[in-house]
Each structure stands twice: as C-alpha cells, then as structure tokens.
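What follows is a short report on a single structure.
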Amino acid sequence: MAAGTQRMRRAIARTPFAPVAAFPFRFLRVARYDARVLRSSARWLVTSREHHNYTYDLTALNREHLAWFVSDVCAVPVAQARAWMAELEADEVLRHHIETTTAASARRGLADRHVRYARRAGWYAIVRARGPAHVVETGTDKGLGTCVIAAALLRNAAEGRPGRVTTVDLNPEAGYLTRAEPWAAVVDLVVGDSLAALAALTGPVDVFLHDSDHSSAHERREFTAVEPKLAEGALLLTDNVTKTDVLPRYADATGRRFLAFREQPARHWYPGDGIGAAWR
Ligand SMILES: C[S@@+](CC[C@H](N)C(=O)[O-])C[C@H]1O[C@@H](n2cnc3c(N)ncnc32)[C@H](O)[C@@H]1O
C-alpha cells in the first residue's frame with residue numbers, strides 16, 4: 001500500500017467518520033460469511049432428511065484437533081488416537097449395517113442413510129484407549145453413538161479387554177441400530193428415564209457419557225446420580241459442553257481435570273456440538 005494512502009487511513013481512523021468509511025469493507029466481510037452459511041443451509045434443506053441430532057463430517061483440521069483431544073484425555077500417543085479414528089472410518093461392516101438398517105427403519109423418512117460419525121469418532125477412540133469394562137450412555141436416539149461404542153468394545157474384546165455398554169432412552173423406539181449382531185452382543189438397551197436407570201445400576205461404571213435431556217439441571221443430576229457408581233479413575237463425558245458449564249463446574253467441585261473439544265462441521269449450517277471430558 002502506498003505511503004500516502006496509509007497516512008490517509010491512519011488519519012481517518014482517528015476521526016468519528018472511521019466507522020462509516022469502514023462500513024462497505026465490513027459489510028462485504030460478513031456478507032461473504034453469511035452467504036456461505038445460506039448456501040450450506042439451502043443444500044441441507046434439499047439433500048438431508050434430518051430434523052434433530054444432525055449428522056455431518058468434521059473438517060480435516062477439526063479431526064486432527066479431536067485426535068489431540070483424545071490423546072490428552074487418555075494419555076495415549078496422538079498417532080494411536082488418529083489410527084483408532086481411522087479404524088472406525090474403515091469399518092465397512094458397521095457402515096453397511098447403519099446404511100441398510102436406516103433405509104429399512106420406520107423412521108427412514110426422517111433419517112439420512114449416509115453415515116457421518118463426527119465427534120462420535122472421539123468416543124470410539126476414547127473407548128479403544130481406555131478399554132472400559134462398562135460404558136454408560138444416557139440418550140440413545142437411533143443408536144448411532146451406541147453402535148460406535150459397541151464397535152470399539154468388540155475390537156477391545158478381540159484384544160482381550162472385553163466390555164459392555166448400557167444405553168438408556170425414554171423413547172421405546174430408540175436404539176433400532178443397536179439390535180443387530182455382533183453389536184447387540186455387548187449392548188444393554190434400557191427404556192426409561194436416565195436418572196432411574198442410573199440409580200438401578202449395579203456394576204461399576206468406567207466411562208459415563210451424558211447425551212440425554214440437555215437441560216443444565218438434568219445434566220447435573222445425572223453426574224450426581226452416577227458418582228457413587230463410578231469405578232476408580234472413571235471418565236465422565238458430556239455431549240452438552242458447548243451449551244452448559246455443568247461438567248467443568250462438576251470437575252472443579254470434585255477435584256477432576258477438565259478438557260473440551262468443539263466440533264467444526266464440514267459443509268453443514270449447524271455450528272456443531274462437542275465433547276467435554278472430566279477425569280482424575
Ligand atoms: C441427542 S439424542 C441422543 C443421541 C445419541 N447418543 C447419538 O449418539 O446419536 C437425545 C436422546 O435422549 C433421550 N432423552 C431425553 N430425555 C431423557 C431422559 N430423561 N432419560 C432418558 N433419555 C432421555 C431422547 O429421547 C433422545 O433420543
């Protein structure tokens with residue numbers, strides 16, 4: 001930029017006219033951003049059938065951030081976290097099961113066949129890393145996350161580290177993806193309220209994932225209800241980390257460490273969810 005132009009810009013920046021002079025530039029900046037969101041919103045309205053619990057891919061950079069998140073939370077090399085995430089993507093048997101079962105389900109009119117795991121790839125890698133004997137997930141919906149966790153548990157079992165996942169949902173139709181073998185063999189599907197299900201748990205819980213009623217009050221009640229059931233060194237996860245500060249506060253109050261990962265969906269209007277993790 002010429003020295004004269006630069007001097008003039010600096011002079012204008014000191015005057016009350018600066019915001020007016022900068023308006024066209026600022027307008028273009030935000031319009032370009034909004035046009036991108038509008039384009040992906042229009043594409044989604046036409047190509048997707050989903051009306052809640054949206055699925056999407058993560059950007060390549062965001063997947064890399066997720067691998068580092070898993071590496072930090074589970075104290076494993078990042079290359080290993082990346083390898084586990086790739087293992088899930090390469091699982092064609094699971095992908096085919098989800099595609100065909102979704103296409104045949106009673107809710108097929110409101111579900112996309114295309115399989116996109118997003119942050120659930122982090123859940124998979126965490127379960128692979130920790131080798132838990134018992135995972136509890138509140139909020140099953142179709143069972144996409146449950147299947148991902150079950151797939152990780154089956155790989156662990158093949159390596160001599162068996163485990164099961166208990167998943168609970170109020171909706172009796174939830175979990176239709178989890179009812180097929182081999183995944184069903186490690187899934188206990190409970191229909192009912194998560195707080196009642198947590199109170200009824202008998203065995204110790206190694207990994208707990210909150211993904212049900214996302215109000216702060218319910219999320220807090222779940223962590224309080226599961227606390228006496230936790231195994232030594234258990235890991236607490238929340239799907240609600242971009243919406244509430246319940247888990248970081250709970251971690252603070254119970255002497256745990258805390259870390260958050262925030263999703264960056266690729267080619268989707270939704271700003272994304274995340275994973276919150278608390279551990280000792
Ligand atoms: C966001 S979805 C779960 C998504 C799922 N974990 C996945 O990976 O796709 C939330 C689910 O929580 C269930 N839910 C809401 N309140 C609940 C409660 N109090 N107890 C159990 N499930 C509940 C809803 O029926 C819904 O299916």
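Within each chain, counting starts at residue 1; across the structure tokens, chains are named A, B, ... in the order shown, with ligands numbered 1 upward in that order.
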Taking 4 positions as the minimum chain separation for residues in the same chain, which residues sit within 7 Å of A:Val187 when counting only C-alpha atoms? Answer as a compact mmCIF listing (two decimals) with N, CA and C atoms, in the first residue's frame.
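Written file, selection_22.txt:
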```txt
# COMPACT_ATOMS: atom_id res chain seq x y z
N ALA A 150 -20.08 -49.73 20.78
CA ALA A 150 -20.10 -51.20 20.74
C ALA A 150 -19.00 -51.73 19.81
N ARG A 164 -18.93 -53.90 28.09
CA ARG A 164 -20.33 -53.75 27.66
C ARG A 164 -20.73 -52.29 27.73
N VAL A 165 -21.77 -51.94 26.98
CA VAL A 165 -22.32 -50.59 27.07
C VAL A 165 -23.79 -50.68 27.46
N THR A 166 -24.15 -49.90 28.50
CA THR A 166 -25.57 -49.74 28.85
C THR A 166 -26.00 -48.40 28.26
N TRP A 183 -23.01 -56.25 17.25
CA TRP A 183 -23.00 -55.13 18.20
C TRP A 183 -23.93 -55.40 19.39
```
Residues of stretch 223-254 of chain A in strand (DSSP E or B), written as a PyMOL selection string:
chain A and resi 230-238
List the neighbours of A:Asp188 out to 10 Å using only C-alpha atoms; skip same-chain residues closer than 4 positions along the sequence, and give me the result as a PDB file with N, CA and C atoms, in the first residue's frame.
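Wrote selection.pdb, looks like this:
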```pdb
ATOM      1  N   VAL A 136     -21.526 -46.352  30.147  1.00  0.00           N
ATOM      2  CA  VAL A 136     -22.954 -45.999  30.241  1.00  0.00           C
ATOM      3  C   VAL A 136     -23.192 -44.739  29.416  1.00  0.00           C
ATOM      4  N   THR A 146     -24.213 -45.490  20.189  1.00  0.00           N
ATOM      5  CA  THR A 146     -24.110 -46.790  20.879  1.00  0.00           C
ATOM      6  C   THR A 146     -23.379 -47.798  19.990  1.00  0.00           C
ATOM      7  N   ARG A 164     -18.930 -53.895  28.088  1.00  0.00           N
ATOM      8  CA  ARG A 164     -20.328 -53.754  27.658  1.00  0.00           C
ATOM      9  C   ARG A 164     -20.726 -52.288  27.731  1.00  0.00           C
ATOM     10  N   VAL A 165     -21.770 -51.941  26.975  1.00  0.00           N
ATOM     11  CA  VAL A 165     -22.320 -50.589  27.069  1.00  0.00           C
ATOM     12  C   VAL A 165     -23.795 -50.676  27.464  1.00  0.00           C
ATOM     13  N   THR A 166     -24.152 -49.902  28.496  1.00  0.00           N
ATOM     14  CA  THR A 166     -25.566 -49.738  28.850  1.00  0.00           C
ATOM     15  C   THR A 166     -25.997 -48.405  28.264  1.00  0.00           C
ATOM     16  N   THR A 167     -27.100 -48.417  27.502  1.00  0.00           N
ATOM     17  CA  THR A 167     -27.607 -47.173  26.929  1.00  0.00           C
ATOM     18  C   THR A 167     -29.070 -47.029  27.314  1.00  0.00           C
ATOM     19  N   VAL A 168     -29.501 -45.824  27.673  1.00  0.00           N
ATOM     20  CA  VAL A 168     -30.864 -45.628  28.167  1.00  0.00           C
ATOM     21  C   VAL A 168     -31.538 -44.479  27.434  1.00  0.00           C
ATOM     22  N   THR A 178     -29.023 -50.680  17.251  1.00  0.00           N
ATOM     23  CA  THR A 178     -28.197 -51.498  18.165  1.00  0.00           C
ATOM     24  C   THR A 178     -28.683 -52.945  18.263  1.00  0.00           C
ATOM     25  N   ARG A 179     -29.779 -53.264  17.552  1.00  0.00           N
ATOM     26  CA  ARG A 179     -30.407 -54.575  17.791  1.00  0.00           C
ATOM     27  C   ARG A 179     -29.838 -55.699  16.934  1.00  0.00           C
ATOM     28  N   ALA A 184     -25.119 -56.006  19.096  1.00  0.00           N
ATOM     29  CA  ALA A 184     -26.110 -56.258  20.149  1.00  0.00           C
ATOM     30  C   ALA A 184     -25.538 -57.102  21.297  1.00  0.00           C
TER      31      ALA A 184
END
```
Just checking: using only C-alpha atoms and all ligand atoms, which residue out of A:Ser216, A:Thr138, A:Thr224, A:Gln264 ends up closest to ligand 1?
A:Thr138
For ligand 1, list the contacting residues at 7 Å or closer, counting only C-alpha atoms and all ligand atoms, as a list in words.
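Here is the list of contacting residues: Asn53, Arg120, Glu137, Thr138, Gly139, Thr140, Asp141, Lys142, Gly143, Leu144, Gly145, Thr146, Val168, Asp169, Leu170, Asn171, Ala174, Gly192, Asp193, Ser194, Leu195, Asp211, Ser212 and Asp213 of chain A.
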Using only C-alpha atoms: which of A:Arg161, A:Arg107, A:Arg257, A:Arg128 has the shortest distance to A:Glu50
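For A:Glu50, the nearest of the given residues is A:Arg107.
In terms of minimum interatomic distance to A:Glu222, A:Ala199 ranks closest within A:Gly163, A:Ala199, A:Leu235, A:Gly175, counting only C-alpha atoms.
The interatomic distance for the pair atom CA of A:Pro162 and atom CA of A:Leu189 works out to 17.7 Å.
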Could you check which of A:Ala60, A:Ala251, A:Val115, A:Leu237 is closest to A:Cys147, using only C-alpha atoms?
A:Val115
Computed interatomic separation between atom CA of A:Phe25 and atom CA of A:Leu38 (Å):
20.0 Å
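The residue that comes closest to A:Ser41, out of A:His134, A:His65, A:Arg249, A:Arg267 and on the basis of only C-alpha atoms, is A:Arg267.
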Report as a list in words all protein, DNA and RNA residues lying within 8 Å of A:Ala151, evaluated on only C-alpha atoms, omitting residues in the same chain fewer than 2 positions from it.
Leu94, Tyr124, Cys147, Val148, Ile149, Leu153, Leu154, Arg155 and Trp183 of chain A
Can you tell me how far atom CA of A:Val186 sits from atom CA of A:Ala133, in Å to one decimal?
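Separating atom CA of A:Val186 from atom CA of A:Ala133 is a distance of 10.4 Å.
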Go through A:Val78, A:Leu198, A:Ala104, A:Ala125 one by one, measure the shortest atom-to-atom distance of each to A:Tyr176 using only C-alpha atoms, and give the residue with the smallest value.
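Selected residue with least distance to A:Tyr176: A:Ala104.
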As a ChimeraX atom specification, please: the residues near A:Gly274 (cut-off 8 Å, only C-alpha atoms, same-chain neighbours under 3 positions excluded).
/A:119,239-242,260-263
Which residues are close to A:Asp112, i.e. within 10 Å by only C-alpha atoms, leaving aside same-chain residues fewer than 4 positions away? Reply as a ChimeraX atom specification.
/A:47-50,54-55,99,102-103,107-108,116
How about saving the chosen residues, all heavy atoms kept, as a compact mmCIF listing (two decimals), in the first residue's frame?
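Okay, this is what ended up in result23.txt:
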```
# COMPACT_ATOMS: atom_id res chain seq x y z
N THR A 47 -31.06 -31.76 0.51
CA THR A 47 -30.43 -33.09 0.45
C THR A 47 -30.61 -33.93 1.72
O THR A 47 -30.47 -35.15 1.67
CB THR A 47 -28.92 -32.98 0.17
OG1 THR A 47 -28.35 -32.16 1.21
CG2 THR A 47 -28.65 -32.34 -1.18
N SER A 48 -30.88 -33.29 2.88
CA SER A 48 -30.97 -34.05 4.13
C SER A 48 -32.42 -34.24 4.56
O SER A 48 -33.29 -33.47 4.18
CB SER A 48 -30.20 -33.32 5.23
OG SER A 48 -30.38 -33.97 6.48
N ARG A 49 -32.64 -35.29 5.38
CA ARG A 49 -33.99 -35.52 5.93
C ARG A 49 -34.02 -35.29 7.43
O ARG A 49 -35.05 -35.46 8.07
CB ARG A 49 -34.40 -36.97 5.67
CG ARG A 49 -34.46 -37.31 4.20
CD ARG A 49 -34.65 -38.81 4.04
NE ARG A 49 -34.87 -39.14 2.64
CZ ARG A 49 -35.18 -40.34 2.22
NH1 ARG A 49 -35.32 -41.33 3.07
NH2 ARG A 49 -35.38 -40.57 0.95
N GLU A 50 -32.87 -34.99 8.01
CA GLU A 50 -32.77 -34.94 9.48
C GLU A 50 -33.46 -33.70 10.05
O GLU A 50 -33.37 -32.62 9.47
CB GLU A 50 -31.30 -34.94 9.89
CG GLU A 50 -30.62 -36.25 9.53
CD GLU A 50 -29.13 -36.27 9.84
OE1 GLU A 50 -28.54 -35.20 10.05
OE2 GLU A 50 -28.57 -37.38 9.88
N TYR A 54 -28.41 -33.91 14.30
CA TYR A 54 -27.85 -33.87 12.94
C TYR A 54 -26.53 -34.64 12.85
O TYR A 54 -25.76 -34.67 13.80
CB TYR A 54 -27.59 -32.42 12.52
CG TYR A 54 -28.77 -31.53 12.76
CD1 TYR A 54 -28.68 -30.45 13.63
CD2 TYR A 54 -29.99 -31.77 12.13
CE1 TYR A 54 -29.78 -29.64 13.88
CE2 TYR A 54 -31.08 -30.98 12.38
CZ TYR A 54 -30.97 -29.92 13.26
OH TYR A 54 -32.06 -29.14 13.51
N THR A 55 -26.30 -35.23 11.68
CA THR A 55 -25.01 -35.88 11.45
C THR A 55 -24.28 -35.12 10.35
O THR A 55 -24.90 -34.56 9.45
CB THR A 55 -25.18 -37.36 11.06
OG1 THR A 55 -25.91 -37.44 9.84
CG2 THR A 55 -25.88 -38.14 12.15
N GLU A 99 -26.26 -48.08 7.21
CA GLU A 99 -26.93 -47.63 5.98
C GLU A 99 -28.19 -48.45 5.69
O GLU A 99 -29.27 -47.90 5.46
CB GLU A 99 -25.97 -47.75 4.79
CG GLU A 99 -25.07 -46.55 4.66
CD GLU A 99 -24.00 -46.74 3.57
OE1 GLU A 99 -24.02 -47.78 2.87
OE2 GLU A 99 -23.16 -45.84 3.46
N THR A 102 -30.94 -48.14 8.53
CA THR A 102 -31.59 -46.82 8.46
C THR A 102 -32.59 -46.80 7.30
O THR A 102 -33.72 -46.32 7.44
CB THR A 102 -30.53 -45.71 8.27
OG1 THR A 102 -29.59 -45.79 9.34
CG2 THR A 102 -31.16 -44.33 8.26
N ALA A 103 -32.16 -47.34 6.15
CA ALA A 103 -33.02 -47.32 4.96
C ALA A 103 -34.29 -48.14 5.16
O ALA A 103 -35.33 -47.86 4.56
CB ALA A 103 -32.24 -47.85 3.76
N ARG A 107 -38.34 -44.96 10.77
CA ARG A 107 -38.05 -43.52 10.80
C ARG A 107 -37.22 -43.09 9.59
O ARG A 107 -36.57 -42.04 9.63
CB ARG A 107 -37.33 -43.18 12.11
CG ARG A 107 -38.27 -43.28 13.32
CD ARG A 107 -37.50 -43.31 14.63
NE ARG A 107 -36.95 -42.02 14.99
CZ ARG A 107 -36.17 -41.80 16.05
NH1 ARG A 107 -35.88 -42.80 16.86
NH2 ARG A 107 -35.70 -40.61 16.32
N ARG A 108 -37.24 -43.93 8.52
CA ARG A 108 -36.34 -43.65 7.39
C ARG A 108 -36.64 -42.31 6.71
O ARG A 108 -35.75 -41.71 6.11
CB ARG A 108 -36.38 -44.79 6.36
CG ARG A 108 -37.74 -45.02 5.73
CD ARG A 108 -37.68 -46.22 4.79
NE ARG A 108 -39.00 -46.59 4.30
CZ ARG A 108 -39.86 -47.37 4.95
NH1 ARG A 108 -39.53 -47.87 6.13
NH2 ARG A 108 -41.04 -47.65 4.45
N ARG A 116 -22.24 -40.56 8.96
CA ARG A 116 -21.29 -39.49 9.33
C ARG A 116 -21.19 -39.48 10.86
O ARG A 116 -22.16 -39.18 11.53
CB ARG A 116 -21.80 -38.13 8.81
CG ARG A 116 -21.84 -38.06 7.29
CD ARG A 116 -22.62 -36.86 6.81
NE ARG A 116 -24.03 -36.98 7.12
CZ ARG A 116 -25.02 -36.80 6.25
NH1 ARG A 116 -24.75 -36.48 4.99
NH2 ARG A 116 -26.28 -36.90 6.62
```
